[in-house]
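**Student:** Encoded as structure tokens, here's the structure I'll be asking about.
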Amino acid sequence: MPELPEVETVKRGLRGLVVGKTIKSVSFDWPGSKPGEYLCYCGGSDSGHIVAFSRLGMRDTSRLDKPQSDSAQNSPVNTQHHQAYSKSFPNAQTDVETFLIDSSIKLVRRRGKALIIELDSNYSLVIHLKMTGQLVYRAEGVAFGAGHPTESLVGELPDKSTRVTFTFTDEANLFFNDQRKFGWVRLLPSIEVDNLDFFKKLGPEPLSADFAAKDFCERIKRRNKSKIKAVLLDQTVIAGIGNIYADESLWAAKIHPETLAGKISDQKLNSLYKELVAVLRLAIEKGGSTDKNYVTAEGKKGSYLTFAKVFRREGESCSRCGSIIEKTRVASRGTHTCPSCQKKVTS
DNA sequence: CACTTGACCTGTCCGC
DNA sequence: TGCGGACAGGTCAAGT
């Protein structure tokens, strides 16, 4: 799914399209299901205010995050929302009606692989696309879509993968599509966004100005007994890295993905940091990694995968040494390596 | 505790 | 063409 560069692309595209717009209505219909089945609210001391969610959310509300900060508990907004409904599901509808409908979008931002849409109601929509999520904006003469590459990015919407549709007062639509239903959209008080477990545990942004090579090395080394690929994929270590950019940066730094983090020299770790930042920046510049059906705000297709050196290039020649790129499994994920450039360090 | 594995879903592709 | 199984750019809970 969308990793950091793809979510960044979504953010940049939506910023110019939806900021200032007012939400007129929202629908959660899931074809073949009762709408209410996917509208979940976990009330009381829990704060998972879910607009749309996979059945995962209905099955196990303990996965929803609890509000922690006193300021959140005592804030007017929080008091208001606790007054707005109780534990029962129909009140989630009240929340949607009170804090989503007729609210305007103030800003769109990204943290890790999650997207945050702040509303002028002091509530926010937090969206995670997981493996197959996508956001598609459609208005008269304007089309923008980014995320998992499928026909839904360019086809007629809503379709069978559409989970949520936001309609603005000017009749433009924003579709949240997700084939595999892993993704989620939550509506919750803005002040509680940072209290979601996902954000509390999330590591630093690799592209932020105050994140340096020494921070990178120090955080990686804390996981010295893990395979480096697993460490890169761990969102609590560094935010936003997924399978593509883990493989690409390890190839660029000539590190075998199964190398234990503690066995990698400082020089190699510095190289990995440099290559990771470079590959993320390149991908953002190219508009994300999707290689088909992907459309940016200007209607261009994303092109990153055409520049990928190893990802989904098994059987092809390594551009550096000519060896045949291999595909294996590391950390339970498909993994692409050059057997000559990336030697396993065993001692 | 640190670390790894399986489950969550749907769709597609590949071998028989 | 049909069927079974593996697999897909992520994350969390449960397992070792």
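Order determines the names: the first chain of the structure tokens is A, the second B, and so forth; residues in each chain are numbered 1 upward, and ligands are numbered 1 upward as they are shown.
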Any chance you could tabulate, as a tab-separated table, the residues of chain C at most 8 Å from chain A with each one's nearest atom pair and distance in Å to one decimal, using only C-alpha atoms (C1' of nucleotides), in chain and rising number order?

**Tutor:**
```
residue	atom	partner	partner_atom	distance
C:DA8	C1'	A:Met131	CA	8.0
C:DG9	C1'	A:Met1	CA	3.8
C:DG10	C1'	A:Lys130	CA	4.9
C:DT11	C1'	A:Lys130	CA	7.9
```

**Student:** Restricting the output to C-alpha atoms (C1' of nucleotides), write the selected residues as a PDB file, in the first residue's frame.

**Tutor:**
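Saved the output as part-v5.pdb:
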```
ATOM      1  C1'  DA C   8      -0.333  -8.567  -2.274  1.00  0.00           C
ATOM      2  C1'  DG C   9       3.335  -1.604  -0.979  1.00  0.00           C
ATOM      3  C1'  DG C  10       0.359  -2.708   6.692  1.00  0.00           C
ATOM      4  C1'  DT C  11      -0.512  -3.265  11.432  1.00  0.00           C
TER       5       DT C  11
END
```

**Student:** To test your reading of the structure, identify every residue in stretch 57-265 of chain A that backbone DSSP assigns to strand (DSSP E or B), and report it as a PyMOL selection string.

**Tutor:** chain A and resi 104-111+114-119+123-128+133-139+142-147+162-168+173-178+184-189+227+260

**Student:** Write the residues of the preceding selection, restricted to N, CA and C atoms, as a short mmCIF file (atom, residue, chain, number, x, y, z; two decimals), in the first residue's frame.

**Tutor:**
```cif
data_model
loop_
_atom_site.label_atom_id
_atom_site.label_comp_id
_atom_site.auth_asym_id
_atom_site.auth_seq_id
_atom_site.Cartn_x
_atom_site.Cartn_y
_atom_site.Cartn_z
N SER A 104 -16.10 22.47 7.80
CA SER A 104 -15.19 22.77 6.69
C SER A 104 -13.81 22.23 6.98
N ILE A 105 -13.10 21.89 5.92
CA ILE A 105 -11.76 21.34 6.06
C ILE A 105 -10.75 22.48 6.23
N LYS A 106 -10.03 22.41 7.33
CA LYS A 106 -9.04 23.45 7.62
C LYS A 106 -7.68 23.11 7.02
N LEU A 107 -7.24 21.90 7.22
CA LEU A 107 -5.95 21.51 6.63
C LEU A 107 -5.83 20.02 6.52
N VAL A 108 -4.91 19.61 5.68
CA VAL A 108 -4.63 18.18 5.47
C VAL A 108 -3.16 17.97 5.78
N ARG A 109 -2.88 17.01 6.67
CA ARG A 109 -1.48 16.75 6.97
C ARG A 109 -1.23 15.24 7.02
N ARG A 110 0.04 14.89 7.13
CA ARG A 110 0.43 13.49 7.13
C ARG A 110 1.33 13.22 8.32
N ARG A 111 1.18 12.03 8.92
CA ARG A 111 2.12 11.58 9.95
C ARG A 111 2.36 10.11 9.70
N ALA A 114 -0.22 7.78 7.81
CA ALA A 114 -1.60 8.19 8.08
C ALA A 114 -1.84 9.62 7.61
N LEU A 115 -3.09 9.86 7.22
CA LEU A 115 -3.50 11.17 6.74
C LEU A 115 -4.46 11.77 7.77
N ILE A 116 -4.29 13.06 8.07
CA ILE A 116 -5.16 13.72 9.03
C ILE A 116 -5.83 14.92 8.37
N ILE A 117 -7.14 14.93 8.40
CA ILE A 117 -7.90 16.04 7.83
C ILE A 117 -8.55 16.78 8.98
N GLU A 118 -8.10 18.00 9.23
CA GLU A 118 -8.63 18.77 10.36
C GLU A 118 -9.82 19.61 9.91
N LEU A 119 -10.86 19.56 10.75
CA LEU A 119 -12.11 20.28 10.44
C LEU A 119 -12.26 21.49 11.36
N TYR A 123 -12.89 18.73 15.27
CA TYR A 123 -12.77 17.29 15.08
C TYR A 123 -11.85 17.05 13.89
N SER A 124 -11.30 15.87 13.83
CA SER A 124 -10.45 15.50 12.70
C SER A 124 -10.84 14.14 12.16
N LEU A 125 -10.63 13.98 10.86
CA LEU A 125 -10.72 12.66 10.25
C LEU A 125 -9.31 12.11 10.17
N VAL A 126 -9.11 10.92 10.68
CA VAL A 126 -7.80 10.27 10.57
C VAL A 126 -8.00 9.07 9.65
N ILE A 127 -7.18 9.00 8.63
CA ILE A 127 -7.36 7.98 7.60
C ILE A 127 -6.09 7.16 7.44
N HIS A 128 -6.26 5.84 7.46
CA HIS A 128 -5.12 4.96 7.16
C HIS A 128 -5.50 4.08 5.98
N GLY A 133 -5.86 0.81 0.32
CA GLY A 133 -6.70 2.00 0.37
C GLY A 133 -6.31 3.04 -0.67
N GLN A 134 -7.27 3.85 -1.02
CA GLN A 134 -7.00 4.95 -1.95
C GLN A 134 -8.00 6.07 -1.69
N LEU A 135 -7.61 7.29 -2.00
CA LEU A 135 -8.51 8.42 -1.90
C LEU A 135 -8.63 9.03 -3.28
N VAL A 136 -9.87 9.23 -3.68
CA VAL A 136 -10.12 9.74 -5.02
C VAL A 136 -11.05 10.94 -4.94
N TYR A 137 -10.63 12.04 -5.51
CA TYR A 137 -11.43 13.26 -5.54
C TYR A 137 -11.99 13.45 -6.94
N ARG A 138 -13.28 13.74 -6.99
CA ARG A 138 -13.92 13.96 -8.29
C ARG A 138 -14.80 15.20 -8.22
N ALA A 139 -14.58 16.09 -9.15
CA ALA A 139 -15.45 17.26 -9.28
C ALA A 139 -15.64 17.50 -10.77
N VAL A 142 -12.47 17.94 -12.74
CA VAL A 142 -11.26 17.70 -11.94
C VAL A 142 -11.26 16.27 -11.41
N ALA A 143 -10.16 15.57 -11.60
CA ALA A 143 -10.04 14.22 -11.07
C ALA A 143 -8.67 14.05 -10.45
N PHE A 144 -8.67 13.53 -9.24
CA PHE A 144 -7.41 13.24 -8.57
C PHE A 144 -7.58 11.96 -7.78
N GLY A 145 -6.61 11.09 -7.88
CA GLY A 145 -6.67 9.88 -7.09
C GLY A 145 -5.27 9.40 -6.79
N ALA A 146 -5.08 8.88 -5.60
CA ALA A 146 -3.77 8.32 -5.25
C ALA A 146 -3.94 7.28 -4.17
N GLY A 147 -2.97 6.39 -4.10
CA GLY A 147 -3.03 5.28 -3.15
C GLY A 147 -2.80 4.00 -3.91
N THR A 162 -15.65 1.02 -2.86
CA THR A 162 -15.91 2.28 -2.15
C THR A 162 -16.47 2.01 -0.76
N ARG A 163 -15.80 2.51 0.26
CA ARG A 163 -16.25 2.30 1.64
C ARG A 163 -16.90 3.56 2.20
N VAL A 164 -16.39 4.72 1.85
CA VAL A 164 -16.95 5.99 2.35
C VAL A 164 -16.98 6.99 1.21
N THR A 165 -18.07 7.76 1.15
CA THR A 165 -18.14 8.85 0.19
C THR A 165 -18.46 10.14 0.94
N PHE A 166 -17.59 11.12 0.81
CA PHE A 166 -17.85 12.46 1.35
C PHE A 166 -18.31 13.33 0.18
N THR A 167 -19.43 14.02 0.39
CA THR A 167 -19.89 14.95 -0.64
C THR A 167 -19.83 16.37 -0.10
N PHE A 168 -19.22 17.26 -0.86
CA PHE A 168 -19.08 18.65 -0.43
C PHE A 168 -20.26 19.47 -0.92
N ASN A 173 -16.95 15.17 -4.83
CA ASN A 173 -16.93 13.99 -3.98
C ASN A 173 -15.51 13.57 -3.63
N LEU A 174 -15.37 13.06 -2.43
CA LEU A 174 -14.11 12.42 -2.03
C LEU A 174 -14.43 10.99 -1.65
N PHE A 175 -13.84 10.04 -2.38
CA PHE A 175 -14.12 8.61 -2.14
C PHE A 175 -12.96 7.95 -1.40
N PHE A 176 -13.32 7.18 -0.39
CA PHE A 176 -12.34 6.31 0.28
C PHE A 176 -12.63 4.90 -0.19
N ASN A 177 -11.73 4.38 -1.02
CA ASN A 177 -11.90 3.02 -1.53
C ASN A 177 -10.87 2.12 -0.87
N ASP A 178 -11.26 0.87 -0.63
CA ASP A 178 -10.32 -0.06 -0.01
C ASP A 178 -10.76 -1.48 -0.29
N TRP A 184 -8.90 2.30 7.49
CA TRP A 184 -9.95 2.85 8.35
C TRP A 184 -10.00 4.36 8.25
N VAL A 185 -11.16 4.87 8.63
CA VAL A 185 -11.38 6.31 8.71
C VAL A 185 -11.99 6.58 10.08
N ARG A 186 -11.40 7.43 10.84
CA ARG A 186 -11.95 7.73 12.16
C ARG A 186 -12.26 9.20 12.27
N LEU A 187 -13.33 9.49 12.98
CA LEU A 187 -13.70 10.87 13.29
C LEU A 187 -13.54 11.04 14.80
N LEU A 188 -12.68 11.93 15.21
CA LEU A 188 -12.48 12.12 16.65
C LEU A 188 -12.03 13.54 16.93
N PRO A 189 -12.16 14.00 18.18
CA PRO A 189 -11.74 15.35 18.51
C PRO A 189 -10.28 15.56 18.13
N LYS A 227 16.53 -8.54 12.32
CA LYS A 227 16.98 -8.35 10.94
C LYS A 227 16.69 -6.91 10.54
N LEU A 260 21.62 -8.80 10.86
CA LEU A 260 21.13 -8.30 12.15
C LEU A 260 21.58 -6.85 12.32
#
```

**Student:** Output as JSON lines one row per residue of chain A within 10 Å of chain B: the closest atom pair and its distance in Å to one decimal place, counting only C-alpha atoms (C1' of nucleotides), sorted by chain and residue number ascending.

**Tutor:**
```
{"residue": "A:Ser54", "atom": "CA", "partner": "B:DC9", "partner_atom": "C1'", "distance": 8.7}
{"residue": "A:Arg55", "atom": "CA", "partner": "B:DC8", "partner_atom": "C1'", "distance": 9.1}
{"residue": "A:Leu56", "atom": "CA", "partner": "B:DC8", "partner_atom": "C1'", "distance": 7.0}
{"residue": "A:Thr132", "atom": "CA", "partner": "B:DT10", "partner_atom": "C1'", "distance": 9.8}
{"residue": "A:Ser161", "atom": "CA", "partner": "B:DT10", "partner_atom": "C1'", "distance": 9.4}
{"residue": "A:Asp178", "atom": "CA", "partner": "B:DT10", "partner_atom": "C1'", "distance": 9.4}
{"residue": "A:Gln179", "atom": "CA", "partner": "B:DT10", "partner_atom": "C1'", "distance": 6.0}
{"residue": "A:Arg180", "atom": "CA", "partner": "B:DC9", "partner_atom": "C1'", "distance": 4.6}
{"residue": "A:Lys181", "atom": "CA", "partner": "B:DC9", "partner_atom": "C1'", "distance": 5.7}
{"residue": "A:Phe182", "atom": "CA", "partner": "B:DC9", "partner_atom": "C1'", "distance": 6.7}
{"residue": "A:Arg223", "atom": "CA", "partner": "B:DA2", "partner_atom": "C1'", "distance": 8.4}
{"residue": "A:Lys225", "atom": "CA", "partner": "B:DC3", "partner_atom": "C1'", "distance": 8.0}
{"residue": "A:Ser226", "atom": "CA", "partner": "B:DC3", "partner_atom": "C1'", "distance": 7.0}
{"residue": "A:Lys227", "atom": "CA", "partner": "B:DC3", "partner_atom": "C1'", "distance": 9.8}
{"residue": "A:Ala230", "atom": "CA", "partner": "B:DC3", "partner_atom": "C1'", "distance": 9.8}
{"residue": "A:Ala331", "atom": "CA", "partner": "B:DT4", "partner_atom": "C1'", "distance": 7.9}
{"residue": "A:Ser332", "atom": "CA", "partner": "B:DT5", "partner_atom": "C1'", "distance": 8.1}
```

**Student:** What is the distance, in Å and to one decimal place, between atom CA of A:Arg281 and atom CA of A:Ser208?

**Tutor:**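 Those two atoms sit 11.5 Å apart.
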
**Student:** Please report the interatomic distance between atom CA of A:Val310 and atom CA of A:His336 in Å with one decimal.

**Tutor:** 5.6 Å

**Student:** I'd like the neighbourhood of stretch 270-278 of chain A as number ranges by chain, where a residue qualifies if any of its atoms comes within 12 Å (using only C-alpha atoms (C1' of nucleotides)), though same-chain residues fewer than 5 positions away should be ignored.

**Tutor:** A: 4-5, 205-209, 211-221, 228-229, 232, 238, 240-242, 244-257, 261, 264-265, 283-285

**Student:** Output C-alpha atoms for every residue in that selection, as a compact mmCIF listing (two decimals), in the first residue's frame.

**Tutor:**
```
# COMPACT_ATOMS: atom_id res chain seq x y z
CA LEU A 4 5.26 7.54 3.13
CA PRO A 5 5.80 8.93 -0.40
CA GLU A 205 9.63 11.33 10.41
CA PRO A 206 12.67 10.36 8.32
CA LEU A 207 12.45 13.52 6.21
CA SER A 208 11.98 16.03 9.00
CA ALA A 209 14.64 18.71 9.34
CA PHE A 211 16.04 14.01 12.10
CA ALA A 212 19.72 13.30 11.41
CA ALA A 213 21.92 10.32 10.58
CA LYS A 214 22.96 9.93 14.20
CA ASP A 215 19.31 9.66 15.32
CA PHE A 216 18.74 7.07 12.64
CA CYS A 217 21.75 4.97 13.67
CA GLU A 218 20.90 5.21 17.34
CA ARG A 219 17.31 4.07 16.83
CA ILE A 220 18.31 1.21 14.52
CA LYS A 221 20.89 -0.05 16.97
CA ILE A 228 17.54 -4.93 9.46
CA LYS A 229 14.56 -5.24 7.14
CA LEU A 232 13.07 -0.65 8.88
CA ILE A 238 11.15 5.17 11.92
CA GLY A 240 6.61 5.66 7.02
CA ILE A 241 8.91 2.99 5.58
CA GLY A 242 7.22 0.04 3.91
CA ILE A 244 9.24 -1.00 -1.34
CA TYR A 245 11.49 1.56 0.30
CA ALA A 246 12.99 -0.97 2.71
CA ASP A 247 14.12 -3.11 -0.24
CA GLU A 248 15.25 -0.15 -2.33
CA SER A 249 17.27 1.53 0.40
CA LEU A 250 18.93 -1.75 1.46
CA TRP A 251 19.97 -2.42 -2.12
CA ALA A 252 21.32 1.11 -2.50
CA ALA A 253 23.35 0.77 0.70
CA LYS A 254 24.48 -2.77 -0.26
CA ILE A 255 23.11 -4.39 2.89
CA HIS A 256 21.51 -7.83 2.96
CA PRO A 257 18.01 -7.55 4.48
CA ALA A 261 20.97 -4.61 12.93
CA ILE A 264 25.99 -3.40 10.58
CA SER A 265 28.90 -0.98 10.72
CA ALA A 283 9.61 8.85 -4.86
CA ILE A 284 7.80 11.94 -3.62
CA GLU A 285 9.20 13.92 -6.51
```
